[in-house]
Structure formats: C-alpha cells, structure tokens
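In what follows, a single structure is set out as structure tokens and then discussed.
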Amino acid sequence: MVAVLNRASTLQRCLDSVSGQTHRALELIVFDGGSNDGSREILETNSANITHWQSGPDRGIPHAWDMALERATGDWICFLGADDQFATSTAIAKLVGAAHDPMINYVSGQAALIDDDGRVRRIIGTRWNWERMKRYQHIAHPGSIHRRELFERYGNFDECYPIAFDYEFLLRAGRAIHAEFVAEPITLMGNAGQSNRLAWKAFRENRRIHALHPEIGIVHAAINHAVAAAKHCARIASPRLAASVRHYL
C-alpha cells in the first residue's frame with residue numbers, strides 16, 4: 001500500500017520497486033491525496049501494474065492507509081511511503097520467507113536512509129524487542145509486513161497521530177506481536193518522510209502515546225521524551241556525539 005501527495009519526483013521509482021518484486025502474489029493499492037504536481041498522471045500511466053488507485057482529498061496518511069486496508073484482500077499487509085522504495089527485487093520474498101512459523105504475525109527488516117543523490121546516510125531498524133519498543137520505535141516500519149489479523153483484532157491506524165500513527169498501532173498490539181527480523185536493508189527511505197521533516201512534532205506525539213499506554217504511563221513518557229530529544233540533538237550536532245549518547249542512554 002502506498003500513500004502519496006505531490007511526490008512526482010519519487011513516485012515512479014517507488015512503483016517500479018513494487019512491480020519488480022520476485023514475489024508475484026502482490027496487490028498494489030495506492031491512495032493519492034489529490035496531488036497537483038503530476039503524481040496522478042504517473043498513476044494513470046502505471047495503472048496496468050496497480051490493483052487499485054484513487055485520487056482525492058483525504059485527512060492524511062493514516063486516513064489514506066485505513067482506506068487502503070478496506071481494499072486489501074491479502075493475508076499480509078505492507079506499507080510504503082511514496083518517497084520510499086524496496087532496496088532489492090527480493091525484499092518481499094525475504095520478508096515472507098522469514099515468517100516460517102505460523103505464529104509470526106509481523107516481519108521487519110532494516111531501512112537505509114538516503115540523501116537526494118542516493119547516498120546512504122545511515123541504517124535504521126533492529127529486531128523487535130517489546131521492552132525497547134516501549135521506549136522508542138527501534139524497528140523500521142516502512143516495508144515491513146503485518147498479518148491481516150492484527151488489524152482485524154486491534155483496529156486500524158489512529159488519525160489522532162498524523163505522524164506516529166504506525167508506532168501507536170504497534171504499541172496497541174503490543175505483546176500480541178510475534179515478530180521476525182531480516183537483518184539487511186529492505187527499503188530505501190527518502191528525506192521527505194514526515195517523521196524526518198517533523199521530528200519534534202513526532203516526539204510530542206510519541207510522548208502522548210506513551211502517557212496513555214497502560215504499560216508506560218506519564219512518568220516514563222516524560223523520560224522517554226527527554227532521551228529521544230537528547231539523541232536527536234546529538235545526531236544533528238555530531239555523529240560521534242550521537243554515538244556517545246546512544247552508548248550512555
């Protein structure tokens with residue numbers, strides 16, 4: 001599933017990375033929020049490779065993805081941003097292959113954050129750990145796959161969190177998630193993602209999510225917020241300092 005709004009510069013390579021997957025049992029569902037930069041025309045050109053697409057105003061990415069969920073028929077659900085792409089043609093096959101145990105209901109991998117010129121800035125995403133997830137989102141969500149049953153049991157994305165809606169959903173499912181991990185980049189993530197551009201707003205949303213979660217609460221929410229802010233400031237100031245902060249926090 002792909003949500004797009006005015007991403008003509010990156011949309012084609014996103015679509016190509018899906019249509020080029022070796023795992024052929026795929027649905028590609030795209031919801032465009034009413035782009036006026038040529039994105040709609042790109043979707044029209046690629047309509048033969050898209051299961052369903054539509055264009056019109058929406059209330060943001062969580063709303064678009066919730067509408068896309070209503071169209072999906074597969075056992076596994078995967079989400080990409082329009083400025084993201086799969087890193088290799090075998091990405092989906094590797095994720096599905098990792099779910100060898102029928103108890104597995106979530107599989108993630110790593111994501112490479114890339115500059116506009118394609119250079120990798122850093123690699124994010126580690127193996128699911130519930131205690132760590134309660135402090136911050138350490139998994140790479142774009143490109144990860146979820147069993148449909150998770151949404152049937154825990155509902156869709158919450159539009160109250162325009163940026164951190166995916167994190168809120170994963171925390172909502174919490175201990176019910178039985179995860180597997182693919183230790184290599186599954187996606188290449190561009191610079192235009194909301195969580196990158198609006199980091200401080202994302203931190204505030206995370207704090208609210210933590211405060212309302214029964215296993216975290218207000219006190220730990222404040223602590224987690226302070227740690228996340230310190231890491232972010234250190235990363236901006238100096239990669240070496242950021243590494244030091246990660247070590248001590």
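Convention: chains lettered A, B, ... in structure tokens order; per-chain residue numbering from 1; ligands numbered from 1 as shown.
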- Item | Every residue of region 40-238 of chain A that DSSP places in helix (DSSP H, G or I), as an NGL selection string | :A and (40-45 or 47-49 or 61-71 or 91-98 or 130-133 or 148-154 or 165-176 or 194-197 or 199-212 or 217-237)
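The protein and nucleic acid residues lying at most 12 Å from region 222-224 of chain A are Arg132, Met133, Lys134, Arg135, Tyr136, Gln137, Phe203, Arg204, Glu205, Asn206, Arg207, Arg208, Ile209, His210, Ala211, Leu212, Ile216, Gly217, Ile218, Val219, His220, Ala226, Val227, Ala228, Ala229, Ala230, Lys231 and Leu249 of chain A, with only C-alpha atoms considered and sequence neighbours fewer than 2 positions away removed.
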- Query: Could you pull the residues within 10 Å of region 166-173 of chain A, counting only C-alpha atoms, minus those fewer than 4 positions along the same chain, as a ChimeraX atom specification?
  - Reply: /A:62,79,106,130,133-134,136-139,141-142,150-151,153-158,160-162,177,205-206,208-210,213-215
- Message: If DSSP is run on the backbone, what residues of region 44-189 of chain A are strand (DSSP E or B)? A reply as a PyMOL selection string would be ideal.
- Response: chain A and resi 52-55+76-78+80-81+84-86+106-114+120-124+140-147+179-189
- Between CA of Met1 (chain A) and CA of Arg147 (chain A), distance in Å (one decimal): 13.8 Å
